[in-house]
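A.B. asks: I'm passing along protein_4.txt; it holds compact mmCIF, C-alpha atoms.
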```txt
# COMPACT_ATOMS: atom_id res chain seq x y z
CA MET A 6 19.90 24.65 49.22
CA ALA A 7 22.52 22.04 50.04
CA SER A 8 26.01 22.87 48.86
CA LEU A 9 28.60 20.60 47.26
CA HIS A 10 30.31 20.03 50.60
CA ASP A 11 27.11 18.67 52.16
CA TYR A 12 26.82 16.05 49.42
CA LEU A 13 30.50 15.13 49.64
CA LEU A 14 30.29 14.82 53.44
CA VAL A 15 27.23 12.58 53.28
CA SER A 16 28.72 10.36 50.59
CA GLY A 17 32.01 10.14 52.47
CA LEU A 18 30.15 9.06 55.61
CA LEU A 19 28.27 6.39 53.63
CA PHE A 20 31.59 5.14 52.22
CA ALA A 21 33.07 4.99 55.74
CA ILE A 22 30.05 3.02 57.00
CA GLY A 23 30.46 0.54 54.13
CA LEU A 24 34.19 0.19 54.77
CA ALA A 25 33.59 -0.39 58.49
CA GLY A 26 31.02 -3.05 57.58
CA VAL A 27 33.50 -4.91 55.38
CA VAL A 28 36.07 -4.83 58.21
CA LEU A 29 33.87 -5.81 61.15
CA ARG A 30 31.22 -8.14 59.76
CA ARG A 31 32.13 -11.81 59.31
CA ASN A 32 29.17 -12.87 57.16
CA ILE A 33 30.18 -12.85 53.47
CA ILE A 34 26.71 -11.79 52.26
CA VAL A 35 26.63 -8.78 54.60
CA MET A 36 30.20 -7.89 53.58
CA TYR A 37 29.00 -7.95 49.99
CA MET A 38 26.13 -5.60 50.81
CA CYS A 39 28.62 -3.22 52.42
CA LEU A 40 30.66 -3.29 49.20
CA GLU A 41 27.51 -2.20 47.37
CA LEU A 42 27.11 0.65 49.88
CA MET A 43 30.64 1.84 49.06
CA LEU A 44 29.92 1.73 45.32
CA SER A 45 26.74 3.75 45.87
CA ALA A 46 28.66 6.34 47.91
CA ALA A 47 31.06 6.77 44.97
CA ASN A 48 28.03 7.16 42.68
CA LEU A 49 26.66 9.94 44.88
CA THR A 50 29.98 11.78 44.63
CA LEU A 51 29.95 11.44 40.84
CA VAL A 52 26.39 12.74 40.51
CA ALA A 53 27.09 15.64 42.90
CA PHE A 54 30.14 16.72 40.90
CA SER A 55 28.22 16.35 37.63
CA ARG A 56 25.48 18.64 38.96
CA PHE A 57 27.73 21.27 40.53
CA ASN A 58 30.23 21.46 37.65
CA GLY A 59 27.62 21.94 34.93
CA LYS A 60 28.41 22.76 31.31
CA ASN A 61 26.33 25.37 29.39
CA GLY A 62 23.60 25.44 32.02
CA LEU A 63 23.15 21.64 32.05
CA PRO A 64 24.66 19.04 34.41
CA ASP A 65 27.83 17.44 33.08
CA TYR A 66 26.38 14.19 31.73
CA ASP A 67 29.80 12.49 31.51
CA GLY A 68 29.62 11.97 35.28
CA GLN A 69 26.17 10.40 35.07
CA MET A 70 27.39 8.14 32.26
CA LEU A 71 30.07 6.80 34.61
CA VAL A 72 27.36 6.18 37.24
CA PHE A 73 25.34 4.27 34.65
CA PHE A 74 28.31 2.04 33.83
CA VAL A 75 29.15 1.56 37.52
CA ILE A 76 25.58 0.41 38.23
CA THR A 77 25.71 -2.02 35.29
CA VAL A 78 29.06 -3.48 36.36
CA ALA A 79 27.81 -3.70 39.97
CA ALA A 80 24.78 -5.70 38.82
CA ALA A 81 26.99 -8.14 36.89
CA GLU A 82 29.38 -8.34 39.84
CA VAL A 83 26.60 -9.13 42.30
CA ALA A 84 25.27 -11.92 40.08
CA VAL A 85 28.70 -13.55 39.73
CA GLY A 86 29.63 -12.96 43.38
CA LEU A 87 26.43 -14.50 44.73
CA ALA A 88 26.91 -17.51 42.44
CA ILE A 89 30.41 -17.90 43.90
CA ILE A 90 28.95 -17.66 47.44
CA VAL A 91 26.41 -20.38 46.63
CA ALA A 92 29.18 -22.59 45.23
CA LEU A 93 31.26 -21.88 48.34
CA TYR A 94 28.34 -22.80 50.61
CA ARG A 95 27.86 -26.07 48.73
CA ALA A 96 31.52 -26.94 49.16
CA ARG A 97 32.06 -25.85 52.80
CA GLN A 98 28.54 -25.51 54.36
CA THR A 99 29.47 -22.09 55.79
CA ILE A 100 29.74 -18.47 54.67
CA HIS A 101 31.33 -17.27 57.89
CA THR A 102 34.78 -15.91 57.09
CA ASP A 103 36.31 -17.17 60.36
CA ASP A 104 35.61 -20.74 59.26
CA LEU A 105 37.15 -20.28 55.81
CA ASN A 106 40.77 -20.48 56.90
CA SER A 107 42.22 -23.26 54.72
CA MET A 108 44.56 -20.77 53.02
CA ARG A 109 45.90 -19.40 56.30
CA GLY A 110 49.68 -19.84 56.45
CA MET B 25 16.00 20.65 46.73
CA PRO B 26 15.24 22.40 50.06
CA LEU B 27 17.79 21.87 52.77
CA ALA B 28 15.33 20.08 55.06
CA LEU B 29 14.52 17.56 52.34
CA PHE B 30 18.24 17.02 51.67
CA TRP B 31 18.92 16.21 55.30
CA PHE B 32 15.84 13.97 55.51
CA PHE B 33 17.03 11.80 52.61
CA ALA B 34 20.64 11.93 53.81
CA ILE B 35 19.64 10.74 57.28
CA VAL B 36 17.44 7.96 55.82
CA MET B 37 20.44 6.86 53.77
CA LEU B 38 22.96 7.00 56.62
CA VAL B 39 20.70 5.36 59.22
CA GLY B 40 19.95 2.61 56.67
CA GLY B 41 23.68 2.15 56.13
CA ILE B 42 24.37 1.94 59.86
CA ALA B 43 21.54 -0.59 60.23
CA VAL B 44 23.07 -2.75 57.46
CA VAL B 45 26.30 -2.97 59.43
CA SER B 46 24.88 -3.27 62.94
CA LEU B 47 21.86 -5.60 62.62
CA ARG B 48 22.70 -9.26 63.25
CA ASN B 49 20.03 -10.79 61.01
CA PRO B 50 21.10 -10.80 57.31
CA VAL B 51 17.47 -10.33 56.15
CA ALA B 52 17.15 -7.21 58.33
CA SER B 53 20.44 -5.98 56.86
CA ALA B 54 19.12 -6.48 53.33
CA LEU B 55 15.88 -4.64 54.08
CA SER B 56 17.64 -1.69 55.70
CA MET B 57 19.85 -1.58 52.62
CA VAL B 58 16.68 -1.04 50.55
CA ALA B 59 15.81 1.91 52.81
CA SER B 60 19.32 3.26 52.37
CA PHE B 61 19.03 3.04 48.58
CA VAL B 62 15.66 4.79 48.59
CA GLY B 63 17.24 7.68 50.49
CA LEU B 64 20.10 7.72 48.02
CA ALA B 65 17.67 7.81 45.10
CA GLY B 66 15.98 10.82 46.73
CA LEU B 67 19.34 12.58 46.83
CA PHE B 68 19.95 11.75 43.15
CA ILE B 69 16.59 13.19 42.16
CA GLY B 70 17.38 16.32 44.20
CA LEU B 71 20.52 16.67 42.08
CA ASN B 72 18.41 16.72 38.86
CA ALA B 73 19.65 13.20 38.00
CA PHE B 74 16.17 11.73 37.53
CA PHE B 75 17.24 8.81 35.36
CA VAL B 76 19.99 7.72 37.75
CA GLY B 77 17.59 8.00 40.70
CA ILE B 78 14.98 5.79 39.06
CA ILE B 79 17.65 3.31 37.94
CA GLN B 80 18.95 3.23 41.51
CA ILE B 81 15.52 2.12 42.75
CA LEU B 82 14.76 -0.27 39.89
CA VAL B 83 18.15 -1.97 39.64
CA TYR B 84 19.49 -1.79 43.20
CA ALA B 85 16.41 -1.82 45.42
CA GLY B 86 14.41 -3.90 42.92
CA ALA B 87 16.73 -6.42 41.32
CA ILE B 88 19.96 -6.66 43.30
CA MET B 89 18.39 -6.72 46.75
CA VAL B 90 15.85 -9.34 45.67
CA LEU B 91 18.81 -11.43 44.53
CA PHE B 92 20.46 -10.95 47.94
CA ILE B 93 17.30 -11.92 49.83
CA PHE B 94 16.84 -14.91 47.53
CA ILE B 95 20.36 -16.14 48.28
CA ILE B 96 19.86 -15.57 52.04
CA MET B 97 16.70 -17.67 51.78
CA LEU B 98 18.54 -20.36 49.79
CA LEU B 99 21.34 -20.70 52.34
CA ASP B 100 20.22 -21.51 55.85
CA LEU B 101 21.89 -18.80 57.95
CA LYS B 102 20.14 -19.29 61.30
CA THR B 103 23.27 -20.52 63.05
CA GLU B 104 25.34 -17.55 61.95
CA GLU B 105 23.41 -15.15 64.19
CA LYS B 106 24.45 -16.63 67.50
CA ARG B 107 28.14 -15.77 67.36
CA ALA B 108 29.31 -12.92 69.56
CA PRO B 109 31.17 -10.17 67.67
CA LYS B 110 34.90 -10.04 68.36
CA LEU B 111 36.22 -6.90 69.99
CA ALA B 112 39.22 -6.26 67.72
CA PRO B 113 37.32 -6.00 64.38
CA VAL B 114 34.62 -3.82 65.97
CA LEU B 115 37.22 -1.42 67.36
CA GLY B 116 39.05 -1.49 64.01
CA GLY B 117 35.86 -0.68 62.11
CA LEU B 118 34.94 2.18 64.41
CA GLY B 119 38.52 3.49 64.23
CA ILE B 120 38.37 3.45 60.42
CA VAL B 121 35.10 5.41 60.44
CA LEU B 122 36.53 7.94 62.90
CA ALA B 123 39.79 8.42 61.00
CA PHE B 124 37.98 8.68 57.68
CA THR B 125 35.49 11.25 59.03
CA ILE B 126 38.23 13.43 60.56
CA GLN B 127 40.19 13.32 57.30
CA LEU B 128 37.07 14.11 55.28
CA ILE B 129 36.21 17.14 57.41
CA GLY B 130 39.82 18.29 57.19
CA VAL B 131 39.88 18.04 53.40
CA LEU B 132 36.46 19.69 52.99
CA SER B 133 37.38 22.62 55.25
CA LYS B 134 40.39 23.39 53.02
CA THR B 135 38.68 23.11 49.61
CA PRO B 136 36.41 25.78 48.09
CA ASP B 137 32.69 25.11 48.36
CA LYS B 138 30.15 25.51 45.56
CA ALA B 139 26.60 26.73 45.99
CA HIS B 140 23.63 24.98 44.38
CA GLU B 141 22.84 27.16 41.36
CA PRO B 142 19.69 26.64 39.29
CA LEU B 143 20.19 25.19 35.80
CA ASP B 144 20.04 27.66 32.91
CA LEU B 145 17.85 25.54 30.61
CA VAL B 146 16.98 28.24 28.06
CA ALA B 147 20.66 29.00 27.43
CA ALA B 148 21.36 25.27 27.08
CA SER B 149 18.65 24.84 24.43
CA ALA B 150 20.69 26.81 21.85
CA ALA B 151 23.26 24.02 21.58
CA PHE B 152 20.58 21.48 20.58
CA THR B 153 18.56 23.44 18.00
CA GLU B 154 20.20 21.69 15.01
CA ARG B 155 21.21 18.35 16.49
CA SER B 156 17.99 17.48 18.31
CA PRO B 157 14.99 19.82 18.02
CA GLY B 158 12.94 17.75 20.49
CA ILE B 159 15.45 18.28 23.31
CA SER B 160 15.74 21.94 22.37
CA THR B 161 12.00 22.66 22.60
CA LYS B 162 11.71 20.87 25.94
CA LEU B 163 14.62 22.89 27.32
CA LYS B 164 13.01 26.11 26.05
CA GLU B 165 9.78 25.20 27.86
CA GLY B 166 11.79 24.91 31.08
CA HIS B 167 11.74 21.10 31.45
CA LEU B 168 14.92 19.06 31.80
CA PRO B 169 14.66 16.10 29.35
CA ASP B 170 17.04 14.05 31.44
CA VAL B 171 16.48 10.69 29.73
CA ASN B 172 16.80 12.24 26.25
CA LEU B 173 20.05 13.93 27.17
CA ILE B 174 21.47 10.76 28.73
CA GLY B 175 20.45 8.75 25.68
CA ASP B 176 22.11 11.34 23.43
CA THR B 177 25.35 11.18 25.45
CA LEU B 178 25.23 7.39 25.75
CA PHE B 179 24.77 6.57 22.08
CA ASN B 180 26.81 9.42 20.56
CA GLY B 181 29.63 9.81 23.06
CA TYR B 182 29.85 6.39 24.72
CA ASN B 183 28.90 3.92 22.01
CA LEU B 184 31.95 1.66 22.32
CA PRO B 185 31.77 1.42 26.16
CA LEU B 186 28.06 0.60 25.80
CA GLN B 187 28.84 -2.34 23.51
CA ILE B 188 31.66 -3.50 25.76
CA ILE B 189 29.30 -3.44 28.76
CA GLY B 190 26.88 -5.57 26.72
CA VAL B 191 29.61 -8.18 26.22
CA LEU B 192 30.40 -7.98 29.94
CA LEU B 193 26.77 -8.72 30.82
CA LEU B 194 26.75 -11.69 28.41
CA VAL B 195 29.98 -13.06 29.91
CA SER B 196 28.65 -12.68 33.47
CA THR B 197 25.39 -14.41 32.52
CA ILE B 198 27.31 -17.38 31.12
CA GLY B 199 29.62 -17.33 34.14
CA VAL B 200 26.71 -17.47 36.58
CA VAL B 201 25.14 -20.40 34.72
CA VAL B 202 28.46 -22.30 34.73
CA LEU B 203 29.09 -21.54 38.41
CA SER B 204 25.64 -22.53 39.63
CA LYS B 205 25.53 -25.77 37.69
CA ARG B 206 25.94 -28.66 40.07
CA GLN B 207 29.35 -30.13 39.44
CA ALA B 208 29.50 -33.85 38.83
CA VAL B 209 31.60 -35.12 41.71
```
Here is the file; what I need is its structure written in the form of structure tokens.

C.D. replies:
Amino acid sequence: MASLHDYLLVSGLLFAIGLAGVVLRRNIIVMYMCLELMLSAANLTLVAFSRFNGKNGLPDYDGQMLVFFVITVAAAEVAVGLAIIVALYRARQTIHTDDLNSMRG
Amino acid sequence: MPLALFWFFAIVMLVGGIAVVSLRNPVASALSMVASFVGLAGLFIGLNAFFVGIIQILVYAGAIMVLFIFIIMLLDLKTEEKRAPKLAPVLGGLGIVLAFTIQLIGVLSKTPDKAHEPLDLVAASAAFTERSPGISTKLKEGHLPDVNLIGDTLFNGYNLPLQIIGVLLLVSTIGVVVLSKRQAV
């Protein structure tokens, strides 16, 4: 059986992969996907803690409630974010972050 | 969940995540993200979080990734693939992963571990005998009524956040419609 540390290690690695993606990719859509990866890694940590710190023989459902709300907010965020990306593409004809430098000082 | 199955799903998830970052084609990135989320859902189900695992597949792999692929199709991204990656961001990204992993292993080696103990469903059923007999009988039979328990927690313990999240979804729906409307220039 996998222990709590295995789950925390795996979710930490997934978070690191997502963070590296946000830093090194220049395509806004792929950066957005990497943000979703980081949110999912946090969800895995929450579910692992809810399972391993059970109350009265059941998992602690407060942790899974937080996951439920995170998934809902992530869905709303993706919808708004992709609409912003489409509006950006209409205005500038690019979604490459190197070309979006009009606010550079 | 057996250890071999845990590592199988974990490796599917991590390899999918690495493919999202490293593949140049955005469509390939989106599809490897689906693979990553399927692995993650397997891990959720191994943690007895059946509802969250199914929601992960339905909402993330089903709805959100279709939205991503739809937007990739809508915008013509062929020209974006030809650029060579710059050295500094790649080194920075790898450095972040390395530093984060070393820190993670350091923290985990200092904190106490917890073993995976089986759930004591029969003992848990006593708490539900008066409040919800249906949940109680299912627990006594040895099944985990995951959706019932989540519904119980959601509507009794988290009713106000649930209504606030409903307003949030309404606001984001209106926001998306306003944003995607073609502005009169």

A.B. asks: Any chance you could tabulate, as a tab-separated table, the residues of chain A at most 6 Å from chain B with each one's nearest atom pair and distance in Å to one decimal, using only C-alpha atoms, in chain and rising number order?

C.D. replies:
```
residue	atom	partner	partner_atom	distance
A:Met6	CA	B:Leu27	CA	5.0
A:Ala7	CA	B:Leu27	CA	5.5
A:Ser8	CA	B:Ala139	CA	4.8
A:Leu9	CA	B:Lys138	CA	5.4
A:Ala21	CA	B:Val121	CA	5.1
A:Ala25	CA	B:Gly117	CA	4.3
A:Gly26	CA	B:Val45	CA	5.1
A:Val28	CA	B:Gly117	CA	5.7
A:Leu29	CA	B:Pro113	CA	4.7
A:Asn61	CA	B:Ala148	CA	5.5
A:Gly62	CA	B:Asp144	CA	4.3
A:Leu63	CA	B:Leu143	CA	6.0
A:Ala81	CA	B:Ser196	CA	5.9
A:Val85	CA	B:Val200	CA	5.4
A:Ala88	CA	B:Val200	CA	5.9
```

A.B. asks: What is the CA of Asn183 in chain B-CA of Phe74 in chain A distance in Å, reported with one decimal?

C.D. replies: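 A separation of 12.0 Å between them.
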
A.B. asks: What is the CA of Ser45 in chain A to CA of Leu82 in chain B distance in Å?

C.D. replies: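 These atoms are spaced 14.0 Å apart.
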
A.B. asks: If you measure from CA of Gly63 in chain B to CA of Leu42 in chain A, what distance in Å do you get, rounded to one decimal?

C.D. replies: 12.1 Å

A.B. asks: Can you find the residues with an atom no farther than 12 Å from (29.5, 10.6, 45.3), counting all atoms listed in the file, and report them as a ChimeraX atom specification?

C.D. replies: /A:9-20,42-57,68-69,71-72,75 /B:64,67-68,71
